[in-house]
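In what follows, a structure is listed as C-alpha cells, so that the remarks can point back to it.
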2 protein chains.
Amino acid sequence: MNQPLSLQEVRVSEGSFWGKRIRQVKEVVIPHQWKALNDELPDAPKSHAFANFRIAAGLATGEFYGFVFQDSDVAKWLEAASYSLIHYPDPELERLLDEVIEVIARAQREDGYLNTYFTIKEPKERWKNLRDNHELYCAGHLIEAGIAHYQATGKGKLLEVVKRLADHIEARFGDAPGKRRGYPGHPEIELALVKLFRVTGERKYLDLAAFFVNERGKKPLYFELEAKERGEEKPSWSFWTPEYCQAHLPVREQKEAVGHAVRAMYLYSAMADLALELQDQTLFEACKNLWENVTKKRMYVTGGVGSSAEGEAFTFDYDLPPDRAYTETCASIGLFFWAHRMLLLQRDRVYADTMERALYNGILSGISLDGTRYFYVNPLEVFPEAAQKRHDLRHVVLSRQPWFPCACCPPNIARLLASLPQYMYTKDEEESTLFVHLFGESTVETLLGGKRVALVQRTGYPWEERISLSVFPEEPFLFTLSVRIPSWCKEAQVFVNGERIDLGTSVFGGYAKIQRLWQGGDFVECVFPMPVERVWAHSEVRSVAGKVALQRGPIVFCFEEIDNGSNLAGLVLPEDAEFVATFDPELLGGVVVLLGEAYKEHRSSGELYSFVRPKRERIPVKAVPYYAWNNRGIGEMAVWIRHGS
Amino acid sequence: MNQPLSLQEVRVSEGSFWGKRIRQVKEVVIPHQWKALNDELPDAPKSHAFANFRIAAGLATGEFYGFVFQDSDVAKWLEAASYSLIHYPDPELERLLDEVIEVIARAQREDGYLNTYFTIKEPKERWKNLRDNHELYCAGHLIEAGIAHYQATGKGKLLEVVKRLADHIEARFGDAPGKRRGYPGHPEIELALVKLFRVTGERKYLDLAAFFVNERGKKPLYFELEAKERGEEKPSWSFWTPEYCQAHLPVREQKEAVGHAVRAMYLYSAMADLALELQDQTLFEACKNLWENVTKKRMYVTGGVGSSAEGEAFTFDYDLPPDRAYTETCASIGLFFWAHRMLLLQRDRVYADTMERALYNGILSGISLDGTRYFYVNPLEVFPEAAQKRHDLRHVVLSRQPWFPCACCPPNIARLLASLPQYMYTKDEEESTLFVHLFGESTVETLLGGKRVALVQRTGYPWEERISLSVFPEEPFLFTLSVRIPSWCKEAQVFVNGERIDLGTSVFGGYAKIQRLWQGGDFVECVFPMPVERVWAHSEVRSVAGKVALQRGPIVFCFEEIDNGSNLAGLVLPEDAEFVATFDPELLGGVVVLLGEAYKEHRSSGELYSFVRPKRERIPVKAVPYYAWNNRGIGEMAVWIRHGS
C-alpha cells in the first residue's frame with residue numbers, strides 16, 4: 001500500500017511546465033470561473049449557480065436556474081480555490097471563500113439537507129429519484145469542497161456543514177432497518193465519504209460509502225423500485241439503462257466498462273478507495289478486471305474514454321473512432337483519479353503511466369493555453385465542416401468555450417490542476433520508500449520513518465529527457481527512493497551520484513528502486529530518451545487501421561490545418577520519414593514541435609471516382625502537442641495519420 | 001431529344017442476368033409483396049395497406065393503420081404487377097389486379113379525393129399539411145399505377161379513377177385565382193402528372209406539374225403559410241427545414257443537392273421531365289448544375305446517395321463515409337429515374353453510366369438473391385458489432401428484411417425491375433437512330449421512320465465483355481445505331497460485320513455512332529475489356545483516403561467476412577497484387593468473383609497502443625459483387641479496402 005503526500009508537502013516550481021499552469025489557475029482560472037458562476041462573463045451561457053445558493057439561503061429572491069446538478073459547479077470551484085490557497089495565500093480570495101461558505105451554510109436546511117434545486121424548486125421531491133437527480137452527487141462535491149477548505153485553511157465551518165449534510169444522508173440511506181437501500185445514479189459521494197472518513201475518523205462515513213458501492217446493481221434494482229414508487233412509466237432519458245449508470249450488475253461482477261464514462265470512472269475510483277480502506281481483495285480484483293478492460297480495450301491514446309456521444313458512454317472493445325470520440329474532459333480526469341487510487345493499492349507503473357497519459361493529453365486539451373476556454377468533448381480528429389453539418393458529430397464543438405450550460409468540466413480541471421502536486425509522489429505505509437510517479441520541477445518535504453527529508457526534482461520535462469533528483473535528509477539515513485521508469489521509455493538510464501545503476505536488476509513494478517543511506521546532496525539523474533515514436537493501435541481498432549500517432553515522451557502529437565494545410569486525410573507519413581523534435585519557445589506558450597516530411601495526395605481530375613491513383617508530393621509537415629491544439633483558431637486536426645511508403 | 005421505347009417493344013431474354021430477375025419479380029416478388037400488404041407474412045412488420053383501402057371503400061370495418069403514406073405501397077405494387085403482365089400474361093394476377101382496382105375505385109370519394117388515411121382517420125384534415133402529409137405523393141403513385149395498368153392491359157378503369165383524382169387536385173392547386181399555391185412536401189406527383197399528360201394528351205396535367213415545380217421554394221414559403229393556418233408552433237419533425245424537402249430556394253436557383261435524398265431525386269426527375277416537355281432551357285441548366293453536384297461530389301461509388309441517416313439526407317461535398325452511409329434503395333432508384341430523364345434531354349453517356357452504376361450496385365443490393373428480403377439502407381461498410389452498439393449506426397440493419405413499417409423500398413425496386421427493359425434503349429425524335437444504353441440479353445422491335453426493325457442483343461454481360469447486336473430491318477434502310485461505350489471501359493473495340501471501326505472518329509457523347517444501310521443479319525460486336533480496376537475516390541473524400549474499391553465492368557465488388565475472415569480493416573491490398581476474375585456458377589446465383597492476395601495485419605501483443613508495427617502475412621482474399629453481399633448470413637463487409645505496399 002502507498003499513501004499520498006499532502007498538498008502542503010509538495011510544491012511545484014514556479015515557471016515550470018506545471019508551475020505555470022498552477023499559477024494560472026490562481027491568477028486566471030479561479031477569477032474567470034467565479035465570474036462565470038455569477039453570470040459576469042459577457043459571452044458565456046448563463047450559470048446562476050451561486051445565485052441559486054443565495055436564493056436558497058434567503059439572501060435573494062428569484063427562481064432556481066440550471067440543471068439539477070448546478071450546485072456542483074460552485075462546490076468544485078470552491079475545492080479548486082481552496083487548494084490554490086495552500087501554495088498561493090491570498091487574503092482576498094480567502095475572504096471571498098468565507099463569504100461563499102457563509103451563503104452555503106445558510107442554504108442548508110435545519111435537518112442538514114443542502115441542495116438548492118430541491119430547496120427552491122421542488123422541496124417535496126427530495127430523495128425521490130436518486131437515479132436522475134444528482135442530490136448525492138452534489139452532496140459529494142460539497143463534502144469534497146468542505147474537506148479541501150479545511151485542509152487548506154484549517155477552518156472548519158464548511159466541514160461542519162458538510163458533515164451535517166453527510167449525517168442527514170447517512171440517516172436515510174443504508175442497509176439498517178428503516179433506511180432506504182438507495183445509491184446514487186451518478187457516483188461521486190462515495191469518494192467524498194471516504195475522504196470524510198479519513199479526515200474525521202468517523203467510521204460511519206466509510207460504511208456508508210461501502211454500502212453505496214456494495215448495493216449498486218443488486219436485484220431488485222433500487223432505481224426500478226423508486227421509479228415505481230414515483231409512478232413513473234418510463235425514464236425521461238431515452239437512453240437510460242441500468243448499464244448507463246453501472247447498475248446492471250453488482251460491482252464485483254462487472255468486468256467491462258459500460259455506460260456513462262464519468263460515472264464509470266468515479267465508481268471505479270470509489271471501488272479502489274474501498275478496496276484500500278477495507279482491504280477488500282474482491283473489490284480490488286473487480287477494479288483490476290475493469291482496469292484491464294479500459295486500458296487495453298476502451299481508452300484513446302490521449303487517455304480519453306467514452307467512444308459515443310449518446311449517453312457520453314463507453315461502447316464496446318476496440319471501438320475508438322477518433323472523429324466520433326466523446327472523451328469528455330471529466331472522464332479523463334476520472335481516469336486519472338482512478339489510476340491514482342489503483343497506484344495506492346498496487347505499486348505498478350501502469351497506473352502512473354496512465355495518469356501521465358491522461359494528464360498531458362486528454363485532460364490538458366480541455367483547457368486553453370490562456371486558461372479561459374474549455375473543451376467538454378475532446379475528439380482526436382476534427383474536420384470542421386463535418387462537425388457543423390453531420391448530425392452524428394453534433395456534439396463536437398469547434399473551439400473551446402468560456403463556459404457551458406452543463407459546466408462540469410471547467411471546475412473539474414481547475415481542482416485537478418490546483419491539487420496536482422499531491423499526485424506526483426507517494427510513500428509506502430512503512431514510510432521507508434518515497435515514490436516518484438510524475439515528473440516536473442518540484443520540491444518535496446516529508447517525513448520518512450519520522451525523519452524529515454527533502455527532495456528537489458529539476459527537469460525540463462516533458463520536453464527534456466533529463467530529470468535530476470537531489471535528496472536532503474535531515475540526517476543521513478536509510479530509505480528507498482523509487483522512481484518510475486515510464487513505459488514509453490525503452491532505454492532509460494539512471495545514475496546515483498553519477499554512477500549508473502543496473503536497471504535490469506533494480507526495477508520492480510516499473511520503478512527503479514534505489515535503497516541507500518542517503519546523505520545530503522546525494523543526487524539521482526534519470527535520462528529518459530525521447531525519440532519520436534510512431535504509435536500503432538491494436539489491429540482491432542478498425543477506425544485507425546493503417547494510421548499512426550506520433551508520441552514523444554508522454555506527449556501525444558497532432559497535426560493542425562494551420563501548419564499543414566487542409567485535408568489532413570490526404571497526408572501519408574512515409575516509413576522512412578524522420579521527425580526532428582525541436583523546442584519552439586514562441587509557439588503555443590513554448591512547446592516541442594515535430595518537423596518532418598509527408599506525402600500529400602492531390603487529384604488533378606474533378607472526377608469523384610477514378611481508376612488512376614492520385615498524385616502525391618513530398619511536403620514538410622509539423623506536429624504540435626495534442627493538448628495545445630485549437631489555440632490558433634478553428635481548423636482541421638488529426639492525431640492519427642496514414643502511414644505508408 | 002430522345003424518346004423511350006415502350007415496355008412492349010423490348011423484351012429481356014429468359015435466363016439472362018436481368019431476365020432471371022424479371023421472372024423472379026413475377027414469380028416471387030409480386031406474390032410475396034401482396035402477402036406483405038395483406039399481413040400474411042409471418043415474420044414481417046404489419047402493413048395493413050390494402051386493408052386501409054378496403055375500410056375506406058366500405059368493404060371492411062376497422063381503423064387506419066400505418067404511415068400517412070401507407071397507400072403508396074399498394075400503388076407501387078400495382079404498378080409493378082401491371083408491368084409484369086406485359087411480358088408474363090397471367091389471368092390470375094390480372095383478375096387480382098381487377099379486384100384491387102375495384103376496391104381502390106370504391107375508396108375514392110365522390111369528389112375524386114382518394115387517400116385512405118384522411119378518408120378513414122382525419123377527413124377534416126385533407127390538404128391542410130402538404131409539407132408532411134404525403135397526400136400528393138400518394139396520389140402520384142396511384143396515378144403512375146393507373147397509367148401502368150392501362151398500358152399493360154388496355155383497361156381504363158384505374159386510369160379513370162386517377163384522372164378524377166388528378167382533376168380533384170388540379171381544381172385545388174395552381175396559380176389561378178381561387179386555387180391554393182401549394183406543392184408537395186415529397187415530390188412524386190409531378191412525375192405522375194407528366195406521364196398522365198403523355199397518356200391523355202391533357203395539357204392541364206402538364207401545367208399542374210409545372211406549377212408544382214415552379215412554385216417550390218418561392219417566398220413566402222407555402223409550407224410556412226399553411227403551418228400558420230394550422231396554428232402550428234413548430235414542425236413535429238425535429239429535423240424539418242425547407243432544405244429537407246428542397247423548398248429552400250426556387251428550383252432554378254438550386255445548385256447543390258440538399259435534404260432528403262429520395263425527395264431530391266424525384267424533384268430533379270420532375271425538373272428534367274418538364275425541361276423536356278416544355279423545352280425549358282433554364283430548368284435543364286438547373287438539372288445540369290444539380291447533376292454535376294450529385295455525381296461529382298455527393299454520390300457513393302455504388303450509385304447510392306444520402307450520406308446521413310438524420311433526415312435520410314445529403315450532407316456536403318465529398319462527405320461519403322462508407323459505414324455511416326444512408327444510401328436508401330429508393331434514393332438510388334430515384335437517381336436512376338433522374339439519369340434516364342437526363343438522357344432523354346441530352347445524348348451523353350454520363351447519364352447511362354450512372355444508371356448502370358446505380359442499377360448493378362446500390363439498387364440491386366436492395367433485394368436478396370431470392371427476391372424475398374430487402375435492404376432499406378445500403379452502407380458500403382458494415383461491422384455488425386458497431387451497427388448493434390453504436391447509436392450513430394442505429395439505422396444500419398444487419399440483414400435484409402421481409403418488409404418494413406415504412407416499406408417504400410420493396411415495391412419501388414419491384415416496379416423498377418419489372419419495367420427495366422424500357423430503360424435499355426431509346427430512339428431519337430426523328431426516329432433515325434436507335435440508342436443502346438444498357439447491356440443485357442434482349443430483343444427490341446420498334447419502328448424507325450415508319451419502318452420496323454428488330455435488334456437482338458446477345459451477351460453474358462455484366463460478367464462477359466462481349467456484346468453482339470444483330471439487326472433485322474423489315475427491309476434494308478438507312479439508320480443509325482448508337483451504342484454506349486461505358487466510361488469504365490478504356491479499350492473498347494467495336495466491329496461491324498467483323499470489321500473494326502475507328503472509335504476515335506465515330507464516338508459522340510460517349511456513343512459509337514454507326515450509320516449505314518442496315519441489312520437483315522448485319523451485326524455489331526462490341527468488346528468491352530473488363531480488367532479488375534482499383535477505384536480511387538477524389539482526395540477530398542476523407543473517409544476512404546488511402547483505400548481502393550475494386551470494380552470490374554459495371555460491378556463494384558466488396559469483401560465479406562465469410563470469405564476473408566474478420567477485421568476487414570486489417571486487410572491491405574498490395575500495389576502489386578493481381579486480381580483474377582473468375583465466374584463461379586455455384587456462388588450467389590452465379591457471379592464473377594475476384595481472387596487475389598492481401599496483407600492481413602496481426603498484433604501478437606495484447607497492448608492497445610504499441611511502438612511496434614503490427615506484423616502481417618500475405619493471405620488469399622476473395623471479393624464478390626457488392627449487390628450480392630449478405631446473402632450468406634450476417635458478417636462484416638467492406639467495399640473500400642486499404643491499399644499500400
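Identifiers in this document derive from the order of the C-alpha cells: chains are assigned A, B, ..., residues are numbered from 1 separately in each chain, and ligands are numbered from 1 in order of occurrence.
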Go through chain B and flag each residue having an atom no more than 7 Å from chain A; for those, report the closest pair of atoms plus their distance in Å to one decimal, using only C-alpha atoms, ordered by chain and rising number, as a Markdown table.
| residue | atom | partner | partner_atom | distance |
| --- | --- | --- | --- | --- |
| B:Lys296 | CA | A:Leu608 | CA | 4.9 |
| B:Lys297 | CA | A:Leu608 | CA | 6.2 |
| B:Glu310 | CA | A:His391 | CA | 6.4 |
| B:Thr315 | CA | A:Lys389 | CA | 6.5 |
| B:Lys389 | CA | A:Thr315 | CA | 6.4 |
| B:Arg390 | CA | A:Thr315 | CA | 6.7 |
| B:His391 | CA | A:Glu310 | CA | 6.4 |
| B:Asp392 | CA | A:Asp392 | CA | 5.8 |
| B:Glu533 | CA | A:Phe611 | CA | 6.3 |
| B:Arg534 | CA | A:Phe611 | CA | 5.7 |
| B:Val535 | CA | A:Phe611 | CA | 4.7 |
| B:Trp536 | CA | A:Ser610 | CA | 5.3 |
| B:Ala537 | CA | A:Tyr609 | CA | 4.6 |
| B:His538 | CA | A:Leu608 | CA | 4.9 |
| B:Ser539 | CA | A:Arg603 | CA | 6.1 |
| B:Glu540 | CA | A:Asn567 | CA | 6.8 |
| B:Arg542 | CA | A:Ala569 | CA | 5.3 |
| B:Ala545 | CA | A:Ala569 | CA | 6.1 |
| B:Asn567 | CA | A:Glu540 | CA | 6.8 |
| B:Ala569 | CA | A:Arg542 | CA | 5.3 |
| B:Gly570 | CA | A:Ala545 | CA | 6.4 |
| B:Glu601 | CA | A:Ser539 | CA | 6.7 |
| B:His602 | CA | A:Ser539 | CA | 6.2 |
| B:Arg603 | CA | A:Ser539 | CA | 6.1 |
| B:Glu607 | CA | A:Lys296 | CA | 5.8 |
| B:Leu608 | CA | A:Lys296 | CA | 4.9 |
| B:Tyr609 | CA | A:Ala537 | CA | 4.6 |
| B:Ser610 | CA | A:Trp536 | CA | 5.3 |
| B:Phe611 | CA | A:Val535 | CA | 4.8 |
| B:Val612 | CA | A:Trp536 | CA | 6.8 |
| B:Arg613 | CA | A:Trp536 | CA | 6.2 |
| B:Gly644 | CA | A:Gly644 | CA | 6.7 |
| B:Ser645 | CA | A:Ser645 | CA | 6.6 |
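Residues lying within 7 Å of stretch 247-259 of chain B, counting only C-alpha atoms and ignoring same-chain neighbours fewer than 2 positions away, are Asn214, Arg216, Gly217, Lys218, Pro242, Glu243, Tyr244, Cys245, Ala261, Ala264, Thr282, Leu283, Ala286, Asn289, Leu290, Asn293, Val294, Gly311, Ala313, Phe314 and Thr315 of chain B.
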List the spatial neighbours of B:Ala139 as a ChimeraX atom specification - criterion: any atom at most 8 Å away, only C-alpha atoms, same-chain residues fewer than 6 positions off excluded.
/B:72,114-115,162,165-166,189
Gap from atom CA of A:Glu430 to atom CA of A:Leu345 - Å, one decimal
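Spanning atom CA of A:Glu430 to atom CA of A:Leu345 is a straight-line distance of 14.0 Å.
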Can you work out the spacing between atom CA of A:Ala414 and atom CA of A:Gly146 in Å, to one decimal?
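Rounded to one decimal, the two atoms are 16.2 Å apart.
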Can you pull out every residue within 7 Å of B:Gly371, counting only C-alpha atoms, but drop anything in the same chain fewer than 5 positions away, and send it as a ChimeraX atom specification?
/B:24,28-29
Distance query B:Ala57 at most 8 Å, only C-alpha atoms, self and fewer than 3 positions along chain excluded, as a ChimeraX atom specification
/B:53-54,60,103-108
Could you write those residues out with C-alpha atoms, as a CSV table (one decimal), in the first residue's frame?
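Contents of the output file part.csv:
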chain,number,residue,atom,x,y,z
B,53,PHE,CA,-58.3,0.6,-48.9
B,54,ARG,CA,-61.0,-1.9,-48.0
B,60,ALA,CA,-64.5,-3.7,-44.1
B,103,VAL,CA,-61.5,-1.7,-54.1
B,104,ILE,CA,-59.4,1.4,-54.9
B,105,ALA,CA,-62.2,2.8,-57.0
B,106,ARG,CA,-64.7,2.3,-54.2
B,107,ALA,CA,-62.4,4.0,-51.8
B,108,GLN,CA,-62.5,7.1,-54.0
